[in-house]
Structure formats: C-alpha cells, structure tokens
Amino acid sequence: IIIIVISIKIIFNKNNDNDNNNINNNDNNNNTNNTTTTNNNNNNNNSNDNIKNKIKLSDYLVTVENKKSQDKIAIIYGEGEIAYGRSKKGQIDQQTIIDEFKKAQKDNNIKGIVFRINSPGGSALASEIMHHELSKITKPIYVSMGATAASGGYYISAGADKIFATQSTITGSIGVVSLIPEVSKFIKKIKVDVEKVEKGKFSGINSLTSKMTDGAMEKIRNSSLKVYEEFKERVSEGRNITLDGVEEIAGGRIWLGEEAKKIKLVDEIGGLETTISSLAKDMKLHDYQVIEIRTNRSLMESLSDYKLLYSDVEAYLKTPLEKTAKDVEINKPMLLMPYDFN
C-alpha cells in the first residue's frame with residue numbers, strides 16, 4: 001500500500017510539473033506574441049509617422065473628380081436647307097441655331113464654338129438673321145464645312161473667325177435666286193375659277209394663279225439685287241475682301257474647298273477633327289472636353305415630320321411622270337437670277 005501511494009504521488013507531482021511547464025511555455029509564447037504585436041504596432045506607428053500628406057479614400061475620389069477639365073469646346077450642327085421659323089427635321093431654322101449659340105455663350109466653361117455646316121442654302125431672310133445674331137457672340141467661332149456649304153450656308157459662315165473646308169466641299173454660290181411658280185394654265189385645264197380681292201398695287205405679287213406683270217417683275221428684281229448686295233457686304237466684312245474682289249468670285253459661282261482657299265473664301269483645308277484641334281491650339285487649351293449642343297424636338301414635332309413625309313411620298317406616287325412633263329413650258333426660264341436676268 002505504501003508503494004502504491006508513493007507512486008501515485010510521484011505521478012501526480014510529475015503531471016503537475018508538466019502542467020506548470022506548459023503554462024510557463026504558453027505564458028512565454030503569449031509574452032513573445034505580445035512583444036511581437038507591440039513591436040508591430042510600434043513599427044506601424046513609426047511607418048504612419050513617416051507618411052506625410054495622408055488622405056482618405058473618399059477625399060481622394062473627390063480630388064480626382066475635381067481634376068477633370070472644366071474647359072469645353074462646343075459643337076453646334078446646321079444640317080439641311082435653311083428655312084425661316086420653326087422648320088421640320090432635316091432643315092435649319094434660325095431660332096434653333098440662335099438658341100443653341102446663346103446657350104453656348106452663357107456657359108462659362110465653353111471656351112470656343114465649332115459650327116458644323118452642311119447646307120445648300122435656303123431662306124435669305126433666315127440666313128441674315130442668323131448672321132446678325134452670331135456676330136453678337138463673343139466667343140471664337142470656327143466653321144467646319146461638310147459636303148456642302150453654299151449660298152445661305154456660306155452666308156451664315158462668312159462672319160466666323162476661321163472657316164475650314166475639305167478639298168471636295170462645295171461652297172461659294174454667292175448669289176440670290178427668286179422663284180415664284182405660276183400655274184394659271186393648269187388652273188384653266190382643271191376648270192377652277194379663282195376670285196381675288198387685292199388692296200395695293202403689288203399685293204398679289206406672289207400669286208400662283210396669275211401671270212406676273214412687268215412692274216411686279218421689276219420689283220422682285222430690285223428686291224433680289226438688294227439682298228445680293230447685302231450678301232456681298234457680309235462676305236466682304238467677314239473675309240476682309242473688297243467688294244470688287246467679292247464680285248469677281250460671286251455671281252452664283254460655286255467652288256471646291258481647295259479653290260475656295262486660294263480665293264480666301266476659306267482659311268484651311270480639314271475636317272471636323274482638324275477644326276476642333278485648331279481651335280484648341282489657338283485657345284491654348286491642353287485639357288478640354290468636346291460637347292455637342294442639340295435641341296431636342298418635341299413628340300408633336302416629330303409626328304408632324306412623319307406626317308409631312310408621308311404626304312410628300314403619297315403625292316409623288318400619285319403624280320404620273322408623263323403629266324408632270326407636259327406641264328413644263330419649254331424654252332422659258334424657270335429661275336430668275338439678279339446677276340443674269342435675260
């Protein structure tokens with residue numbers, strides 16, 4: 001019995017010694033880990049102390065956003081025939097163009113405007129109104145001509161700071177054409193009687209159902225010549241060419257872009273990208289955005305466009321080609337031009 005007790009005691013003491021050793025080892029490990037953690041914390045604190053100009057991620061993102069350039073170059077498009085007033089899709093009306101230029105003028109971040117023109121001309125009155133309003137814009141305007149920028153298309157371009165055209169651009173056509181159809185014979189053929197009430201000598205000057213008198217013809221001629229003189233003056237002022245010099249290249253003559261450059265109707269040969277980069281270079285803009293200014297048409301205007309298109313197609317399909325050819329009078333002028341009236 002004594003031997004057994006002693007053995008148990010010895011075993012018990014050994015187990016206690018092992019447990020104590022394990023506890024001491026764990027304490028040592030913990031102390032080591034704590035020391036390591038403390039050292040790491042000290043190292044991190046030292047590293048953090050060495051970092052200067054620290055910034056939060058949220059602040060960094062705001063800083064990156066603020067570095068985005070605020071300078072802008074705006075593109076305004078003039079596509080199609082020039083019409084007076086609110087026009088249908090595919091036409092240029094003066095009010096839309098004027099509104100878009102005013103919008104660009106009010107935006108302080110817009111440093112320059114590129115006016116992209118692709119138009120064969122149209123209303124002389126609308127062209128004059130746009131030219132006048134564009135002359136009020138204080139920001140530089142560079143014109144980029146598309147395939148065509150002739151007649152009224154050149155009229156509204158003449159006052160720009162610089163004009164760019166491609167080698168194949170059709171431009172010029174500095175002249176005025178007056179066209180008033182007359183269908184009196186057709187009215188008689190279909191046996192329609194027209195009663196007119198007029199007040200004033202020239203109140204019916206635009207009538208389609210009566211032949212034009214000599215007095216009315218002379219009045220239209222004088223009016224066309226006046227518009228023609230105004231057109232030449234705008235070109236002379238905008239391009240710094242004498243009136244006599246303008247007359248030599250006017251008279252309805254058309255020019256390709258390369259020819260137009262030689263006679264000073266355009267400044268440089270190049271497309272839209274060349275125009276934008278040239279404007280940025282002249283304005284010393286190294287970091288800038290290019291934006292487009294467009295006026296969205298209302299739903300009713302869009303539906304009206306489709307209705308007009310359907311009517312035009314329907315009328316065309318219902319008109320026999322043979323009958324149309326018979327209505328054209330042979331050996332008689334269809335257009336009256338102030339520079340060649342005979």
# chains A, B, ... in the order shown; residues from 1 in each chain; ligands from 1
>>> closest_atom_pairs(of="region 61-177 of chain A", to="region 259-278 of chain A", cutoff="8 Å", atoms="only C-alpha atoms", output="Markdown table")
| residue | atom | partner | partner_atom | distance |
| --- | --- | --- | --- | --- |
| A:Ile73 | CA | A:Ile276 | CA | 7.6 |
| A:Val114 | CA | A:Ile276 | CA | 6.8 |
| A:Arg116 | CA | A:Leu272 | CA | 7.4 |
| A:Tyr142 | CA | A:Thr275 | CA | 6.9 |
| A:Val143 | CA | A:Thr275 | CA | 7.6 |
| A:Ser144 | CA | A:Leu272 | CA | 5.7 |
| A:Met145 | CA | A:Gly271 | CA | 7.5 |
| A:Gly146 | CA | A:Gly271 | CA | 7.6 |
| A:Lys162 | CA | A:Asp267 | CA | 6.1 |
| A:Ile163 | CA | A:Val266 | CA | 5.0 |
| A:Phe164 | CA | A:Glu268 | CA | 4.9 |
| A:Ala165 | CA | A:Ile269 | CA | 5.1 |
| A:Thr166 | CA | A:Gly270 | CA | 5.1 |
| A:Gln167 | CA | A:Ile269 | CA | 6.4 |
| A:Thr171 | CA | A:Ala260 | CA | 7.4 |
| A:Gly172 | CA | A:Leu265 | CA | 7.5 |
>>> residues_around(residues="region 215-231 of chain A", least_positions_apart="2", cutoff="12 Å", atoms="only C-alpha atoms", output="PyMOL selection string")
chain A and resi 123-125+127-128+131-132+151-159+172-180+200-207+210-213+233-238+243-244+246-247+250-252+335-342
>>> residues_around(residues="region 102-105 of chain A", least_positions_apart="6", cutoff="7 Å", atoms="only C-alpha atoms", output="list in words")
Ala74, Ile137 and Lys139 of chain A
>>> atom_distance(atom1="CA of Asp107 (chain A)", atom2="CA of Lys284 (chain A)")
18.5 Å
>>> closest_residue(among="A:Asp282, A:Glu248, A:Asp99, A:Glu182", to="Ile76 (chain A)", atoms="only C-alpha atoms")
A:Asp99
>>> atom_distance(atom1="CA of Gly122 (chain A)", atom2="CA of Ile82 (chain A)")
4.4 Å
>>> select_by_dssp(residues="region 58-284 of chain A", states="alpha helix (DSSP H)", output="VMD selection string")
chain A and resid 58 to 66 94 to 106 124 to 134 152 to 155 184 to 189 214 to 239 243 to 249 257 to 262 272 to 282
>>> select_by_dssp(residues="region 61-142 of chain A", states="strand (DSSP E or B)", output="list of chain:residue names")
A:Lys72, A:Ile73, A:Ala74, A:Ile75, A:Ile76, A:Tyr77, A:Gly78, A:Glu79, A:Glu81, A:Ile82, A:Ala83, A:Gln91, A:Ile92, A:Asp93, A:Ile110, A:Lys111, A:Gly112, A:Ile113, A:Val114, A:Phe115, A:Arg116, A:Ile117, A:Asn118, A:Ser119, A:Gly122, A:Ile141, A:Tyr142
>>> write_last_selection(atoms="N, CA and C atoms", output="short mmCIF file (atom, residue, chain, number, x, y, z; two decimals), in the first residue's frame")
data_model
loop_
_atom_site.label_atom_id
_atom_site.label_comp_id
_atom_site.auth_asym_id
_atom_site.auth_seq_id
_atom_site.Cartn_x
_atom_site.Cartn_y
_atom_site.Cartn_z
N LYS A 72 -14.29 73.52 -72.13
CA LYS A 72 -15.08 72.79 -73.13
C LYS A 72 -15.04 73.49 -74.48
N ILE A 73 -15.15 72.69 -75.53
CA ILE A 73 -15.40 73.19 -76.88
C ILE A 73 -16.74 72.63 -77.32
N ALA A 74 -17.64 73.51 -77.73
CA ALA A 74 -19.00 73.09 -78.10
C ALA A 74 -19.12 72.96 -79.61
N ILE A 75 -19.84 71.93 -80.04
CA ILE A 75 -20.15 71.74 -81.46
C ILE A 75 -21.64 71.99 -81.67
N ILE A 76 -21.94 72.86 -82.62
CA ILE A 76 -23.33 73.14 -83.00
C ILE A 76 -23.49 72.75 -84.46
N TYR A 77 -24.57 72.04 -84.76
CA TYR A 77 -24.77 71.49 -86.10
C TYR A 77 -25.85 72.28 -86.86
N GLY A 78 -25.53 72.57 -88.13
CA GLY A 78 -26.51 73.15 -89.05
C GLY A 78 -26.61 72.25 -90.27
N GLU A 79 -27.63 71.41 -90.29
CA GLU A 79 -27.76 70.40 -91.35
C GLU A 79 -29.05 70.63 -92.14
N GLU A 81 -31.50 72.25 -95.54
CA GLU A 81 -31.93 73.51 -96.16
C GLU A 81 -32.28 74.53 -95.09
N ILE A 82 -31.98 75.78 -95.35
CA ILE A 82 -32.25 76.85 -94.39
C ILE A 82 -33.70 77.31 -94.55
N ALA A 83 -34.46 77.26 -93.49
CA ALA A 83 -35.87 77.64 -93.52
C ALA A 83 -36.12 78.74 -92.49
N GLN A 91 -33.95 70.32 -91.63
CA GLN A 91 -33.80 71.71 -92.07
C GLN A 91 -33.16 72.54 -90.97
N ILE A 92 -32.61 73.69 -91.37
CA ILE A 92 -32.03 74.63 -90.42
C ILE A 92 -33.01 75.79 -90.26
N ASP A 93 -33.42 76.03 -89.04
CA ASP A 93 -34.23 77.23 -88.79
C ASP A 93 -33.45 78.17 -87.88
N ILE A 110 -17.43 76.86 -71.58
CA ILE A 110 -17.24 76.73 -73.02
C ILE A 110 -16.34 77.86 -73.50
N LYS A 111 -15.18 77.49 -74.02
CA LYS A 111 -14.18 78.48 -74.43
C LYS A 111 -14.24 78.79 -75.92
N GLY A 112 -14.86 77.95 -76.71
CA GLY A 112 -14.95 78.18 -78.15
C GLY A 112 -16.04 77.32 -78.75
N ILE A 113 -16.48 77.69 -79.97
CA ILE A 113 -17.60 77.01 -80.62
C ILE A 113 -17.18 76.58 -82.03
N VAL A 114 -17.48 75.34 -82.37
CA VAL A 114 -17.30 74.84 -83.73
C VAL A 114 -18.69 74.70 -84.35
N PHE A 115 -18.91 75.42 -85.44
CA PHE A 115 -20.20 75.39 -86.13
C PHE A 115 -20.06 74.49 -87.35
N ARG A 116 -20.64 73.31 -87.28
CA ARG A 116 -20.56 72.34 -88.35
C ARG A 116 -21.73 72.57 -89.32
N ILE A 117 -21.42 72.99 -90.54
CA ILE A 117 -22.45 73.36 -91.51
C ILE A 117 -22.42 72.41 -92.69
N ASN A 118 -23.59 71.92 -93.04
CA ASN A 118 -23.77 71.12 -94.25
C ASN A 118 -25.10 71.54 -94.86
N SER A 119 -25.08 72.56 -95.72
CA SER A 119 -26.31 73.15 -96.22
C SER A 119 -26.12 73.74 -97.61
N GLY A 122 -30.88 78.40 -98.72
CA GLY A 122 -32.33 78.46 -98.48
C GLY A 122 -32.78 79.90 -98.30
N ILE A 141 -15.66 81.53 -82.95
CA ILE A 141 -16.47 80.60 -83.72
C ILE A 141 -15.65 80.12 -84.92
N TYR A 142 -15.44 78.82 -84.99
CA TYR A 142 -14.76 78.21 -86.14
C TYR A 142 -15.80 77.40 -86.90
#
>>> atom_distance(atom1="CA of Pro181 (chain A)", atom2="CA of Trp255 (chain A)")
28.6 Å
>>> decode(residues="region 180-192 of chain A", atoms="N, CA and C atoms", output="CSV table (one decimal), in the first residue's frame")
chain,number,residue,atom,x,y,z
A,180,ILE,N,-40.9,82.1,-108.2
A,180,ILE,CA,-42.3,82.1,-108.0
A,180,ILE,C,-43.0,81.3,-109.0
A,181,PRO,N,-43.5,80.1,-108.7
A,181,PRO,CA,-44.2,79.3,-109.7
A,181,PRO,C,-45.5,80.0,-110.2
A,182,GLU,N,-45.9,79.6,-111.4
A,182,GLU,CA,-47.2,80.2,-111.9
A,182,GLU,C,-47.9,79.1,-112.6
A,183,VAL,N,-49.1,78.8,-112.1
A,183,VAL,CA,-49.9,77.6,-112.6
A,183,VAL,C,-51.2,78.0,-113.2
A,184,SER,N,-51.3,79.2,-113.8
A,184,SER,CA,-52.6,79.7,-114.4
A,184,SER,C,-53.1,78.8,-115.4
A,185,LYS,N,-52.3,78.2,-116.3
A,185,LYS,CA,-52.7,77.3,-117.4
A,185,LYS,C,-53.3,76.0,-116.8
A,186,PHE,N,-52.6,75.5,-115.8
A,186,PHE,CA,-53.1,74.3,-115.1
A,186,PHE,C,-54.5,74.5,-114.5
A,187,ILE,N,-54.6,75.7,-113.9
A,187,ILE,CA,-55.9,76.0,-113.2
A,187,ILE,C,-57.0,76.0,-114.3
A,188,LYS,N,-56.8,76.5,-115.5
A,188,LYS,CA,-57.8,76.6,-116.5
A,188,LYS,C,-58.1,75.2,-117.0
A,189,LYS,N,-57.1,74.3,-117.1
A,189,LYS,CA,-57.3,72.9,-117.6
A,189,LYS,C,-58.2,72.2,-116.7
A,190,ILE,N,-58.1,72.4,-115.4
A,190,ILE,CA,-59.0,71.6,-114.5
A,190,ILE,C,-60.3,72.4,-114.2
A,191,LYS,N,-60.4,73.5,-114.9
A,191,LYS,CA,-61.7,74.3,-114.8
A,191,LYS,C,-62.0,74.8,-113.4
A,192,VAL,N,-61.0,75.4,-112.8
A,192,VAL,CA,-61.2,76.0,-111.5
A,192,VAL,C,-61.1,77.5,-111.6
